[in-house]
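These notes concern the structure reproduced below.
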Amino acid sequence: TAPAAEGVAAFTSDAAHPVRDPHDGEAGGFDFRALSTTRGVLTFEAAPLDADLSVVGPITAEMYITVDAPDTDLWVKLLDVAPDGTAYNLMSTGLDVLRASYRNRAAARELLTPGQVYRLDLDTLMTANRFLRGHRLRIAVMASFVPNMSRNLHTGRLESESGETGVARIMVHTGGAHASRLVLPVAKD
């Protein structure tokens, strides 16, 4: 449930120093707990669950953001956090990212106006997982996850045209009329 009052949580993304995939090139279930303390990553975490929760199918992240740059990427990762702190990534890389300038999925890029609120829908997220009692849901939000996908330069220029990088401050809106949220398909047992 989103707070009634408008709120924001912010992070900074430096295209010259992107967030790196700690398990690059490896397949399987890995502990991503280090993401929660990585510079350039914003995390949200639920309280420990009182009962098991089964999530099966498509997930949508409805994210309201304001950026001080003409473009950014938005990665949203859902993690299952065990009581010992282990945080397993439940997202498939590539399905958990949206380039803001392609937010409307049009052929032409639509750059951002700094300071304006935009809604980005990441609607290709998917998982099947039973979050056990005592576990927590964690969302990791970032603007890069190299070497997966091409890097957003935060300048409005494409990485195929320029090597110049910029720094972007991304504000995620957390309440009121612009409450970002994660919509989960909860399965009955």
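Residues are referred to by chain and number: the chain letter is A, B, ... according to the order shown in the structure tokens, the number counts from 1 in that chain, and ligands are numbered separately from 1 in the order shown.
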Rows by chain and residue number, segment 9-72 of chain A within 8 Å of segment 165-169 of chain A, shortest pair, only C-alpha atoms, as CSV:
residue,atom,partner,partner_atom,distance
A:Ala10,CA,A:Arg169,CA,6.9
A:Phe11,CA,A:Arg169,CA,5.9
A:Thr12,CA,A:Arg169,CA,4.4
A:Ser13,CA,A:Ala168,CA,5.2
A:Asp14,CA,A:Val167,CA,4.4
A:Ala15,CA,A:Thr165,CA,5.5
A:Ala16,CA,A:Thr165,CA,5.9
A:Val67,CA,A:Arg169,CA,5.8
A:Asp68,CA,A:Arg169,CA,5.7
A:Ala69,CA,A:Ala168,CA,5.5
A:Thr72,CA,A:Ala168,CA,7.5
Quick one: residues within 10 Å of Arg181 of chain A, only C-alpha atoms, excluding same-chain residues fewer than 2 positions away - as a VMD selection string?
chain A and resid 1 to 2 60 to 64 121 173 to 175 178 to 179 183 to 184
Identify, on the basis of only C-alpha atoms, every residue whose closest approach to segment 17-21 of chain A does not exceed 9 Å; exclude the query and any residue fewer than 3 positions from it along the same chain; express the result as a PDB file with N, CA and C atoms, in the first residue's frame.
ATOM      1  N   SER A  13      23.202   7.916 -10.850  1.00  0.00           N
ATOM      2  CA  SER A  13      23.819   6.966 -11.766  1.00  0.00           C
ATOM      3  C   SER A  13      24.888   7.691 -12.577  1.00  0.00           C
ATOM      4  N   ASP A  14      26.104   7.192 -12.491  1.00  0.00           N
ATOM      5  CA  ASP A  14      27.234   7.740 -13.241  1.00  0.00           C
ATOM      6  C   ASP A  14      27.542   6.780 -14.379  1.00  0.00           C
ATOM      7  N   ASP A  24      28.288 -11.850 -13.558  1.00  0.00           N
ATOM      8  CA  ASP A  24      28.376 -11.786 -15.013  1.00  0.00           C
ATOM      9  C   ASP A  24      28.892 -13.103 -15.584  1.00  0.00           C
ATOM     10  N   GLY A  25      28.157 -13.621 -16.561  1.00  0.00           N
ATOM     11  CA  GLY A  25      28.594 -14.821 -17.264  1.00  0.00           C
ATOM     12  C   GLY A  25      28.261 -16.124 -16.549  1.00  0.00           C
ATOM     13  N   LEU A  35      23.957  -6.016  -3.972  1.00  0.00           N
ATOM     14  CA  LEU A  35      23.324  -4.917  -4.705  1.00  0.00           C
ATOM     15  C   LEU A  35      22.730  -3.874  -3.765  1.00  0.00           C
ATOM     16  N   THR A  38      25.322  -1.297  -3.018  1.00  0.00           N
ATOM     17  CA  THR A  38      26.104  -0.820  -4.153  1.00  0.00           C
ATOM     18  C   THR A  38      25.706   0.606  -4.509  1.00  0.00           C
ATOM     19  N   ARG A  39      26.703   1.446  -4.729  1.00  0.00           N
ATOM     20  CA  ARG A  39      26.443   2.821  -5.162  1.00  0.00           C
ATOM     21  C   ARG A  39      25.699   2.803  -6.493  1.00  0.00           C
ATOM     22  N   GLY A  40      24.649   3.593  -6.609  1.00  0.00           N
ATOM     23  CA  GLY A  40      23.871   3.634  -7.835  1.00  0.00           C
ATOM     24  C   GLY A  40      22.678   2.698  -7.822  1.00  0.00           C
ATOM     25  N   VAL A  41      22.382   2.093  -6.662  1.00  0.00           N
ATOM     26  CA  VAL A  41      21.247   1.182  -6.537  1.00  0.00           C
ATOM     27  C   VAL A  41      20.347   1.675  -5.413  1.00  0.00           C
ATOM     28  N   MET A 142      17.937   0.420 -10.449  1.00  0.00           N
ATOM     29  CA  MET A 142      19.201   1.015 -10.880  1.00  0.00           C
ATOM     30  C   MET A 142      19.086   1.479 -12.313  1.00  0.00           C
ATOM     31  N   ALA A 143      20.053   2.225 -12.786  1.00  0.00           N
ATOM     32  CA  ALA A 143      20.038   2.740 -14.156  1.00  0.00           C
ATOM     33  C   ALA A 143      21.069   2.062 -15.048  1.00  0.00           C
ATOM     34  N   SER A 144      21.785   1.093 -14.510  1.00  0.00           N
ATOM     35  CA  SER A 144      22.755   0.335 -15.308  1.00  0.00           C
ATOM     36  C   SER A 144      22.958  -1.025 -14.660  1.00  0.00           C
ATOM     37  N   PHE A 145      23.416  -1.970 -15.470  1.00  0.00           N
ATOM     38  CA  PHE A 145      23.711  -3.316 -14.970  1.00  0.00           C
ATOM     39  C   PHE A 145      24.621  -3.973 -16.004  1.00  0.00           C
ATOM     40  N   VAL A 146      25.836  -3.444 -16.110  1.00  0.00           N
ATOM     41  CA  VAL A 146      26.764  -3.905 -17.141  1.00  0.00           C
ATOM     42  C   VAL A 146      27.382  -5.244 -16.758  1.00  0.00           C
ATOM     43  N   PRO A 147      27.729  -6.048 -17.734  1.00  0.00           N
ATOM     44  CA  PRO A 147      27.727  -5.796 -19.169  1.00  0.00           C
ATOM     45  C   PRO A 147      26.413  -6.159 -19.854  1.00  0.00           C
ATOM     46  N   ASN A 148      25.354  -6.339 -19.098  1.00  0.00           N
ATOM     47  CA  ASN A 148      24.061  -6.694 -19.684  1.00  0.00           C
ATOM     48  C   ASN A 148      23.433  -5.483 -20.362  1.00  0.00           C
ATOM     49  N   ARG A 151      24.964   0.456 -22.387  1.00  0.00           N
ATOM     50  CA  ARG A 151      24.951   1.444 -21.306  1.00  0.00           C
ATOM     51  C   ARG A 151      24.274   2.727 -21.767  1.00  0.00           C
TER      52      ARG A 151
END
I'd like the contact shell of segment 102-110 of chain A - 10 Å cut-off, only C-alpha atoms, skipping same-chain residues fewer than 5 positions apart - returned as a PyMOL selection string.
chain A and resi 70-71+73+118-122+156
One-decimal distance in Å that lies between atom CA of Leu78 of chain A and atom CA of Val56 of chain A
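For atom CA of Val56 of chain A relative to atom CA of Leu78 of chain A, the distance reads 12.9 Å.
Residue nearest Ile65 of chain A, chosen from A:Ala100, A:Val172, A:Leu182, A:Leu111 and counting only C-alpha atoms: A:Val172.
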